[in-house]
Structure formats: structure tokens, C-alpha cells
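Engineer: One structure, pasted below without further comment.
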Amino acid sequence: MALYQRPVGRWCSADGCEQRAAGLTAAGLPPGAASDLVEETFVLAGRAVRVLRPRDADAVLEDVLAEEDPGDDRLPFWAELWPSGVALARALGTRRLAGRRVLELGCGLGLVAVTAALAGARVLAVDRSPEATAFAAANAAHNGVTLQVAVCAFEEPGPLLAGAPWDLVLAADVLYEPRNVPVLLGLLPRLVDDGGEVWLADPGRQMLDPFLAGLAEAGWRCQRLGGDPATVAIHRLVRRAPARRDGHG
């Protein structure tokens with residue numbers, strides 16, 4: 001399925017993406033610009049996934065900057081539908097995930113998590129932003145599925161570890177900050193065992209190569225799943241099983 005970039009900067013499937021704005025509401029969403037919604041419909045492997053998002057991400061940012069001394073963790077990265085998330089959702093749309101336990105790191109608006117839930121997975125979607133998890137939960141309900149959400153930073157992974165080991169961990173464009181590399185290198189081995197896997201979608205961030213090198217040094221294998229070579233690559237990461245010893249013990 002080909003992807004193209006819309007003039008407004010959204011990535012949609014060529015055989016079905018629509019935007020609709022009139023009268024959209026959802027319970028539990030933050031006030032202000034974040035509650036002025038549009039809906040985008042993505043057709044992924046023949047299945048329609050409808051995503052509510054703020055109409056104007058810049059207006060959401062202005063609301064945050066108007067707060068008294070907002071920290072960096074308040075920046076509303078979650079308010080955008082990023083190409084890496086769409087690419088990862090597209091890859092998931094072709095997979096059967098019935099019964100699998102799935103964790104999404106940095107869920108944003110919830111497109112990836114909702115796609116996994118529609119494919120039959122039991123999903124925990126986490127983000128350090130409570131606004132993001134509110135949107136993820138609202139978008140799950142909007143698509144008739146359920147998922148669990150948790151507000152959680154990578155550096156404080158209690159809710160993530162409580163459910164480990166996970167069958168599948170998903171992450172889209174999480175290497176935009178250099179500080180995330182050592183944190184994730186330490187975290188991923190605690191989230192999956194030898195039977196689990198991690199899917200990472202990345203748009204060519206500068207920290208991707210050091211991150212993959214660190215995983216390789218720790219004994220992980222990396223397989224390229226696809227994506228658009230010009231924009232986003234999807235990497236399947238698995239831990240190498242310990243080498244077997246010869247002999248009869």
C-alpha cells in the first residue's frame with residue numbers, strides 16, 4: 001500500500017484517508033486547543049482506523065507555553081500524527097495478533113496501539129504525557145476496542161515491568177532525544193525475553209545507529225521489516241538465545 005504526504009503534512013494510505021471535523025467530541029480529553037478535534041481515517045490492510053487529533057498542534061503548543069514555567073516533558077509531541085507511527089501501524093495491520101500481549105512505548109494519539117488492538121492484541125499504551133494517554137483511550141473507544149493506558153516515563157518503568165515479559169513491544173520515533181538511547185538500551189532487555197520481540201520504526205534519527213550498535217553488542221539481532229526507505233525504516237529486534245552446550249550434561 002503506497003503512502004503519500006498530504007499538503008497539511010499528514011501521512012495517509014493512498015486508497016483511503018479522510019479528514020472530518022464537524023461536531024466531533026470525545027469524553028476525557030484535555031480542554032483548550034486539544035479539544036478542537038478533527039478525525040483522520042486510515043485504511044490499513046483493508047481495515048479503517050479512525051483517529052481523533054487536535055486540529056491545530058501549534059495551538060496546543062501555545063496553550064502549553066502559556067503555562068507557568070512548563071518543563072520539556074510538557075511539549076505536545078503527542079498532538080501530531082508522525083510518519084513513523086503511521087508506518088508502524090501499516091506494518092501491524094497485516095499481522096494477526098490475537099491473544100498476544102503488546103506494549104507500546106510513547107503511544108501519542110494511539111494509532112499504533114489501536115491498530116494492534118483491532119488485530120486482536122491485548123495492549124498497554126504508555127506515554128509520559130497524560131494528554132497522550134487520554135487521546136489513546138478515546139481513540140480506542142472511537143474504534144470500538146479497549147486497551148489499557150498508563151502515564152509512564154522510560155526512566156520510571158514500573159507499570160511496564162509489572163506486565164513483563166511482553167510478546168511484542170512497539171515504539172515509533174523514540175530516538176529523537178539522545179538521552180533516550182542509554183535508557184532504552186537498559187530497559188528493553190527487561191521488557192522482553194527470548195520469545196519476545198521489539199518493533200522500532202525510525203525516520204533516520206541521528207541516534208539510530210548508536211542505538212542499534214548498542215543492541216548488537218548486547219546480543220540482539222536486528223531484521224529490517226520494511227517501511228519507506230526514503231522516510232521510515234521498521235526494525236524487528238530480538239534477543240539471541242544463549243548458545244547450547246554440546247554433550248549430555
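Residue numbers start at 1 in each chain; chains themselves are named A, B, ... in the order of the C-alpha cells; ligands are numbered from 1 in the order shown.
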Residues at most 9 Å from region 130-140 of chain A, counting only C-alpha atoms, excluding those fewer than 5 positions away in the same chain, as a ChimeraX atom specification?
Structural biologist: /A:26-30,34,50-53,76-79,106-111,113-115,117-118,125,145-152
Engineer: Residues of the last selection are to be written out with C-alpha atoms, as a short mmCIF file (atom, residue, chain, number, x, y, z; two decimals), in the first residue's frame.
Structural biologist:
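So the final result, stored in again-v3.cif, reads:
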data_model
loop_
_atom_site.label_atom_id
_atom_site.label_comp_id
_atom_site.auth_asym_id
_atom_site.auth_seq_id
_atom_site.Cartn_x
_atom_site.Cartn_y
_atom_site.Cartn_z
CA ALA A 26 -14.88 12.62 22.98
CA ALA A 27 -15.01 12.13 26.72
CA GLY A 28 -11.95 12.62 28.89
CA LEU A 29 -9.90 14.80 26.55
CA PRO A 30 -7.98 17.86 27.77
CA ALA A 34 -6.60 19.99 22.34
CA ARG A 50 -10.25 6.41 12.75
CA VAL A 51 -8.06 8.78 14.73
CA LEU A 52 -9.17 11.88 16.60
CA ARG A 53 -6.49 14.52 16.94
CA PRO A 76 2.98 18.24 23.00
CA PHE A 77 4.78 15.87 20.65
CA TRP A 78 1.74 13.64 21.08
CA ALA A 79 -0.53 16.08 19.19
CA GLY A 106 5.35 6.58 23.58
CA CYS A 107 1.84 5.97 22.28
CA GLY A 108 0.94 9.55 21.36
CA LEU A 109 -2.55 9.69 19.87
CA GLY A 110 -2.81 5.90 19.93
CA LEU A 111 -2.85 4.98 16.23
CA ALA A 113 -1.93 0.81 19.88
CA VAL A 114 -5.45 0.92 18.42
CA THR A 115 -4.27 -0.90 15.27
CA ALA A 117 -5.98 -3.92 19.46
CA LEU A 118 -8.03 -4.18 16.26
CA ALA A 125 -0.23 2.00 25.68
CA VAL A 145 -11.78 -1.61 21.06
CA THR A 146 -10.33 -1.45 24.54
CA LEU A 147 -6.78 -1.01 25.70
CA GLN A 148 -5.04 -0.17 28.92
CA VAL A 149 -3.16 3.11 29.24
CA ALA A 150 -0.60 4.37 31.73
CA VAL A 151 1.29 7.62 32.21
CA CYS A 152 4.89 6.49 32.43
#
Engineer: Compare A:Asp173, A:Asp228, A:Asp127, A:Glu104 by their minimum atom-to-atom distance to Leu191 (chain A), counting only C-alpha atoms, and give me the closest one.
Structural biologist: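 Closest candidate: A:Glu104.
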Engineer: Distance CA of Ser35 (chain A)-CA of Leu81 (chain A), one decimal place?
Structural biologist: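 Computed distance, CA of Ser35 (chain A) to CA of Leu81 (chain A), equals 15.8 Å.
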Engineer: According to DSSP computed on the backbone, where in region 31-249 of chain A is there strand (DSSP E)? Give the residues as a compact mmCIF listing (two decimals) with C-alpha atoms, in the first residue's frame.
Structural biologist:
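The resulting file, out_14.txt, is reproduced below:
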# COMPACT_ATOMS: atom_id res chain seq x y z
CA LEU A 37 -10.83 17.95 17.00
CA VAL A 38 -10.55 16.55 13.53
CA GLU A 39 -10.80 12.91 12.56
CA GLU A 40 -8.47 11.13 10.14
CA THR A 41 -9.36 7.75 8.71
CA PHE A 42 -6.54 5.42 7.67
CA VAL A 43 -7.20 2.28 5.65
CA LEU A 44 -4.64 -0.27 6.80
CA ARG A 47 -9.37 -2.05 7.84
CA ALA A 48 -10.43 1.51 8.62
CA VAL A 49 -8.79 3.07 11.68
CA ARG A 50 -10.25 6.41 12.75
CA VAL A 51 -8.06 8.78 14.73
CA LEU A 52 -9.17 11.88 16.60
CA ARG A 53 -6.49 14.52 16.94
CA PRO A 54 -6.26 18.24 17.73
CA ARG A 101 0.31 -9.14 24.89
CA VAL A 102 1.56 -5.91 23.36
CA LEU A 103 3.18 -2.82 24.85
CA GLU A 104 3.52 0.48 23.00
CA LEU A 105 6.17 2.93 24.22
CA ARG A 122 -4.19 -7.10 24.49
CA VAL A 123 -2.48 -3.72 24.60
CA LEU A 124 -0.92 -1.44 27.18
CA ALA A 125 -0.23 2.00 25.68
CA VAL A 126 2.07 4.28 27.67
CA ASP A 127 3.28 7.83 27.31
CA GLN A 148 -5.04 -0.17 28.92
CA VAL A 149 -3.16 3.11 29.24
CA ALA A 150 -0.60 4.37 31.73
CA VAL A 151 1.29 7.62 32.21
CA LEU A 168 5.67 -7.60 21.40
CA VAL A 169 6.96 -4.12 22.24
CA LEU A 170 6.23 -1.32 19.76
CA ALA A 171 7.98 2.03 19.50
CA ALA A 172 7.73 4.73 16.81
CA GLU A 197 10.35 -9.07 20.01
CA VAL A 198 10.54 -5.31 19.59
CA TRP A 199 9.41 -3.39 16.52
CA LEU A 200 11.04 0.00 16.17
CA ALA A 201 10.00 2.50 13.49
CA ASP A 202 12.51 5.28 12.91
CA TRP A 220 20.37 -8.63 19.94
CA ARG A 221 19.57 -9.42 16.30
CA CYS A 222 18.05 -6.80 14.00
CA GLN A 223 15.93 -7.52 10.93
CA ARG A 224 14.60 -4.84 8.58
CA LEU A 225 10.84 -5.36 8.19
CA GLY A 226 10.17 -2.66 5.65
CA GLY A 227 8.80 0.83 5.62
CA ASP A 228 9.56 3.54 3.09
CA VAL A 232 10.86 5.44 7.74
CA ALA A 233 12.53 2.10 8.46
CA ILE A 234 10.99 -0.58 10.67
CA HIS A 235 13.37 -2.80 12.60
CA ARG A 236 12.46 -6.11 14.24
CA LEU A 237 14.68 -6.65 17.28
CA VAL A 238 15.01 -9.99 19.08
CA ARG A 239 17.31 -11.24 21.77
